[in-house]
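Some notes on the structure that comes next.
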Amino acid sequence: MTSFVDRVNLQVIAGKGGNGCVSVHREKFKPLGGPDGGNGGHGGDVVFVVDPNVHTLLDFHFQTRLQGGNGKHGQGSNRDGATGESIKVSVPNGTVIYSGGEILADLTGDGTEMTVAQGGRGGRGNRALVSSKRKVPGFAELGEPGDELEVVLELKSVADVGLVGFPSAGKSSLIAAMSAARPKIADYPFTTLTPNLGVVSAGETTYTIADVPGLIPGAAAGKGLGLEFLRHIERCAVLAHVVDTANLESDRDPVSDIDALEHELAEYGGLADRPRIVVLNKTDLADGRELAEYVRGDLEKYGWPVYLVSAVSREGLKELNFAFAKLVQDYRSAQPPVEATRTVIRPMAIDDSGFSIKKVVPAYEGDVEFVVSGAKPERWIGQTSFENEEAVGYLADRLANLGVEDALVKQGAVPGSIVRIADHEFEWQPTDPNIIATVGPRGTDARFEISDRKGADERLAERKARRPETLERVAKEKESRGKSRRG
C-alpha cells in the first residue's frame with residue numbers, strides 16, 4: 001500500500017489567552033498598596049512552514065487535530081502569565097491551504113510560512129485597567145479564545161518538467177534513467193500510484209522532473225487516477241508527452257494517444273500556455289523504432305519537438321535532457337523578477353466607526369430589536385466577566401465611548417430595548433455620566449443599585465405570555481388573506 005498522501009482535512013485550533021488577575025498589593029504597614037494583578041499570556045499560534053525534507057502529507061493522515069498552547073493566567077505581584085507555545089507544522093513545498101472553499105495560502109519556496117490560526121489575546125489584569133475614575137479596579141479581563149477553523153491541505157508537486165502519458169508508457173523508466181529517482185517499475189498498468197520527483201542536470205542548468213501517474217480518457221472528469229494527480233502538473237513549466245511506440249493494442253496509436261491526452265489537459269484547464277515536447281519511447285524494440293519513424297511526420301502538425309528515445313538503451317536521452325533544460329531556462333527567464341515582500345499598512349477609514357447596528361423586525365413583540373456587530377464590541381463582550389458588576393459597568397462605558405449608545409438612539413432605541421452583541425442579550429439603559437464618575441466599592445457599580453430593571457427571567461416570562469396571542473393574531477391574518485384571494 002502506498003504511503004503517499006496529498007490531501008488531508010485538519011482541525012486547527014489556536015491557543016486561548018490567559019485571564020488577567022485581580023490583586024491588590026499588601027505588605028506590613030501598607031495593607032492597600034495599589035493594584036498589582038498581572039496580564040494573562042497570549043495563546044499560541046498554529047504556523048505552517050515549508051520544509052524541504054518533507055515530501056508528503058502522510059503525518060497529517062494520523063494527526064488530524066493541531067492545537068496551540070493556551071496562555072497562562074496572570075498572577076499577583078505584577079506577574080504576567082506565560083505565552084502559550086506556538087506550534088510550527090512542517091509541510092511539503094507546493095502545499096495549498098483551503099478553508100471554506102477559499103485559498104488561505106499557497107506555500108512554495110523553502111522556509112515560507114503562514115500563520116493559519118492566531119492565538120487569543122491575554123486579558124489585562126487590574127494593574128493595566130487603572131484610570132482616574134478607577135483607582136483600584138476590582139475586575140480583570142478574560143482571555144480571548146484562539147482562532148478555530150477547518151482547513152484542507154492539498155499538495156501540488158513543484159517540478160519544472162511533467163511527464164504525462166498513458167499507463168505503461170515508460171514514464172517511470174524514463175525518470176529513473178535521467179535522474180537518481182528510483183520509482184517502482186513493472187510490466188502492468190498503473191504501476192505508478194504516486195508522483196515521483198527527480199533532479200536532473202544539463203550543463204549549468206539543474207531542473208526537476210515529475211513522473212505523473214498514467215492518464216486515461218475521462219481523467220479530467222474523475223475517471224481512473226487522473227483527477228487526483230492532474231493537479232501535480234499545474235506548476236510544471238514544460239509538459240512532455242511520453243508515447244509508447246511498442247504498444248500492441250490495435251485500437252491505439254501515438255497520434256490518437258496525444259489527441260486523447262490533450263483533450264484531458266484542456267478539460268482540466270490552465271495548461272494551454274505550457275510548451276510541449278513529444279517523447280517517442282521504447283525505440284530499442286524493432287516494432288517501436290519502425291512505428292516511431294512512421295508517425296514522426298504526422299506529429300509535426302502539432303509544431304512540437306519530437307524525440308526518439310529508449311529508457312533501456314539510453315538512446316536519445318542526452319539530446320532530450322538538453323532540450324528540457326533549454327525550455328526550462330527560457331521559462332525561468334521569462335518570469336518577472338522576485339520582489340521582496342512588502343509591508344502593507346491599511347489605516348482605518350476616517351468614517352469607519354468600528355461597529356454596525358442592525359434593527360431587527362421582531363417576529364412577535366419582545367424579540368431582539370437591535371443587533372450590534374463589530375470586532376471591538378464582540379471582543380469586549382468576550383473579555384467581560386458578567387458575574388462582576390464593575391466589569392459590566394466598564395463594558396458599558398467602553399461601548400458608550402465608542403459611540404454605540406448614540407448610534408442606538410439614532411436607530412430609534414429607547415430605554416428597555418433589547419440589544420444583542422455576539423451571544424449576549426441585554427436590556428439597554430443609557431449610561432448616566434453622573435454615575436460614571438462615582439464608581440462604588442471594588443467589584444460593584446452604582447448603576448446596578450437601580451431596581452426597576454427587568455431581569456432576564458422576567459423578560460422571558462413576558463415573551464412566553466405574549467406568544468399565544470401573537471400566533472393567534474398571525475393565524476387570523478393568514479386566514480383573512482386567504483379568503484380575500486379566493487373571493
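In the C-alpha cells, chains take the letters A, B, ... in the order shown, each chain's residues start at 1, and ligands count up from 1 in the order shown.
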Close residues, stretch 377-382 of chain A itself excluded, 8 Å, only C-alpha atoms, min 3 positions apart in chain, as an mmCIF file with N, CA, C and O atoms, in the first residue's frame:
data_model
loop_
_atom_site.group_PDB
_atom_site.id
_atom_site.type_symbol
_atom_site.label_atom_id
_atom_site.label_comp_id
_atom_site.auth_asym_id
_atom_site.auth_seq_id
_atom_site.Cartn_x
_atom_site.Cartn_y
_atom_site.Cartn_z
ATOM 1 N N LEU A 142 -11.049 38.819 30.735
ATOM 2 C CA LEU A 142 -10.886 37.398 30.425
ATOM 3 C C LEU A 142 -10.050 37.243 29.153
ATOM 4 O O LEU A 142 -10.018 38.129 28.298
ATOM 5 N N GLY A 143 -9.389 36.117 29.038
ATOM 6 C CA GLY A 143 -8.623 35.846 27.830
ATOM 7 C C GLY A 143 -9.533 35.516 26.656
ATOM 8 O O GLY A 143 -10.625 34.963 26.833
ATOM 9 N N GLU A 144 -9.086 35.855 25.460
ATOM 10 C CA GLU A 144 -9.876 35.590 24.259
ATOM 11 C C GLU A 144 -9.587 34.186 23.731
ATOM 12 O O GLU A 144 -8.460 33.702 23.826
ATOM 13 N N PHE A 355 -18.084 49.558 14.215
ATOM 14 C CA PHE A 355 -19.226 48.705 14.553
ATOM 15 C C PHE A 355 -20.388 49.077 13.639
ATOM 16 O O PHE A 355 -20.378 50.111 12.948
ATOM 17 N N VAL A 372 -25.858 44.549 17.492
ATOM 18 C CA VAL A 372 -24.617 45.309 17.335
ATOM 19 C C VAL A 372 -23.513 44.330 16.934
ATOM 20 O O VAL A 372 -23.295 43.320 17.606
ATOM 21 N N SER A 373 -22.839 44.618 15.836
ATOM 22 C CA SER A 373 -21.746 43.770 15.368
ATOM 23 C C SER A 373 -20.522 44.627 15.111
ATOM 24 O O SER A 373 -20.627 45.813 14.781
ATOM 25 N N GLY A 374 -19.369 44.017 15.254
ATOM 26 C CA GLY A 374 -18.108 44.732 15.071
ATOM 27 C C GLY A 374 -17.014 44.044 15.865
ATOM 28 O O GLY A 374 -17.283 43.380 16.883
ATOM 29 N N LEU A 395 -17.665 47.687 30.731
ATOM 30 C CA LEU A 395 -18.077 47.375 29.362
ATOM 31 C C LEU A 395 -19.057 48.429 28.840
ATOM 32 O O LEU A 395 -18.937 48.894 27.696
ATOM 33 N N LEU A 399 -18.502 50.842 25.523
ATOM 34 C CA LEU A 399 -19.441 50.922 24.407
ATOM 35 C C LEU A 399 -19.944 52.340 24.203
ATOM 36 O O LEU A 399 -20.113 52.801 23.061
ATOM 37 N N ILE A 421 -25.298 41.607 21.424
ATOM 38 C CA ILE A 421 -23.921 41.695 20.941
ATOM 39 C C ILE A 421 -23.318 40.299 21.071
ATOM 40 O O ILE A 421 -23.255 39.750 22.174
ATOM 41 N N ALA A 422 -22.893 39.734 19.935
ATOM 42 C CA ALA A 422 -22.383 38.365 19.910
ATOM 43 C C ALA A 422 -23.464 37.433 20.468
ATOM 44 O O ALA A 422 -24.590 37.442 19.987
ATOM 45 N N HIS A 424 -24.620 37.534 23.609
ATOM 46 C CA HIS A 424 -25.195 38.109 24.831
ATOM 47 C C HIS A 424 -26.326 39.070 24.484
ATOM 48 O O HIS A 424 -26.204 39.893 23.573
#
Would you give me, as number ranges by chain, the residues in stretch 402-435 of chain A that DSSP reads as alpha helix (DSSP H)?
-> A: 402, 404-410, 433-435
Selection file, N, CA and C atoms, as a PDB file, in the first residue's frame:
ATOM      1  N   LEU A 402     -17.291  54.378  22.532  1.00  0.00           N
ATOM      2  CA  LEU A 402     -17.139  54.010  21.132  1.00  0.00           C
ATOM      3  C   LEU A 402     -18.220  54.637  20.254  1.00  0.00           C
ATOM      4  N   VAL A 404     -21.629  53.586  20.566  1.00  0.00           N
ATOM      5  CA  VAL A 404     -22.726  52.641  20.365  1.00  0.00           C
ATOM      6  C   VAL A 404     -24.040  53.220  20.874  1.00  0.00           C
ATOM      7  N   GLU A 405     -23.999  53.912  22.016  1.00  0.00           N
ATOM      8  CA  GLU A 405     -25.238  54.460  22.574  1.00  0.00           C
ATOM      9  C   GLU A 405     -25.844  55.511  21.652  1.00  0.00           C
ATOM     10  N   ASP A 406     -25.027  56.423  21.146  1.00  0.00           N
ATOM     11  CA  ASP A 406     -25.543  57.451  20.236  1.00  0.00           C
ATOM     12  C   ASP A 406     -26.140  56.819  18.982  1.00  0.00           C
ATOM     13  N   ALA A 407     -25.477  55.779  18.476  1.00  0.00           N
ATOM     14  CA  ALA A 407     -25.985  55.108  17.279  1.00  0.00           C
ATOM     15  C   ALA A 407     -27.309  54.398  17.574  1.00  0.00           C
ATOM     16  N   LEU A 408     -27.451  53.819  18.766  1.00  0.00           N
ATOM     17  CA  LEU A 408     -28.706  53.169  19.132  1.00  0.00           C
ATOM     18  C   LEU A 408     -29.848  54.186  19.193  1.00  0.00           C
ATOM     19  N   VAL A 409     -29.568  55.363  19.740  1.00  0.00           N
ATOM     20  CA  VAL A 409     -30.598  56.403  19.820  1.00  0.00           C
ATOM     21  C   VAL A 409     -31.030  56.832  18.421  1.00  0.00           C
ATOM     22  N   LYS A 410     -30.054  56.980  17.513  1.00  0.00           N
ATOM     23  CA  LYS A 410     -30.387  57.370  16.133  1.00  0.00           C
ATOM     24  C   LYS A 410     -31.221  56.302  15.432  1.00  0.00           C
ATOM     25  N   PRO A 433     -23.798  59.833  32.804  1.00  0.00           N
ATOM     26  CA  PRO A 433     -22.441  60.326  33.029  1.00  0.00           C
ATOM     27  C   PRO A 433     -22.173  60.731  34.469  1.00  0.00           C
ATOM     28  N   ASN A 434     -23.235  61.090  35.226  1.00  0.00           N
ATOM     29  CA  ASN A 434     -23.028  61.469  36.622  1.00  0.00           C
ATOM     30  C   ASN A 434     -22.677  60.264  37.490  1.00  0.00           C
ATOM     31  N   ILE A 435     -23.191  59.095  37.100  1.00  0.00           N
ATOM     32  CA  ILE A 435     -22.917  57.892  37.884  1.00  0.00           C
ATOM     33  C   ILE A 435     -21.530  57.345  37.559  1.00  0.00           C
TER      34      ILE A 435
END
Do a neighbour search on A:Asn321 at 10 Å with only C-alpha atoms, toss out local chain neighbours closer than 5 positions, and write the hits as a list of chain:residue names.
-> A:Met178, A:Val200, A:Ser201, A:Ala202, A:Gly203, A:Tyr207, A:Gly316, A:Lys326
Nearest to A:Tyr307, chosen from A:Leu285, A:Ala240, A:Leu327, A:Gly33, with only C-alpha atoms counted in the distances =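 That would be A:Ala240, the residue with the smallest distance to A:Tyr307.
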Please provide the set of residues having any atom within 7 Å of stretch 120-127 of chain A, restricted to only C-alpha atoms, with same-chain residues fewer than 3 positions apart removed, written as an NGL selection string.
-> :A and (15-22 or 35-43 or 71 or 74 or 130 or 137-146 or 383)
Check the smallest atom-to-atom distance from each of A:Ser172, A:Gly165, A:Leu230, A:Leu57 to A:Leu271 using only C-alpha atoms, then report the winner.
-> A:Leu230
From atom CA of A:Glu387 to atom CA of A:Ala461 the spacing works out at 22.4 Å
In Å and to one decimal, atom CA of A:Arg276 is distant from atom CA of A:Val306 by 9.5 Å
Record the distance separating atom CA of A:Arg235 and atom CA of A:Asp211, expressed in Å with one decimal.
->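 Taking atom CA of A:Arg235 as the start and atom CA of A:Asp211 as the end point, the length is 13.3 Å.
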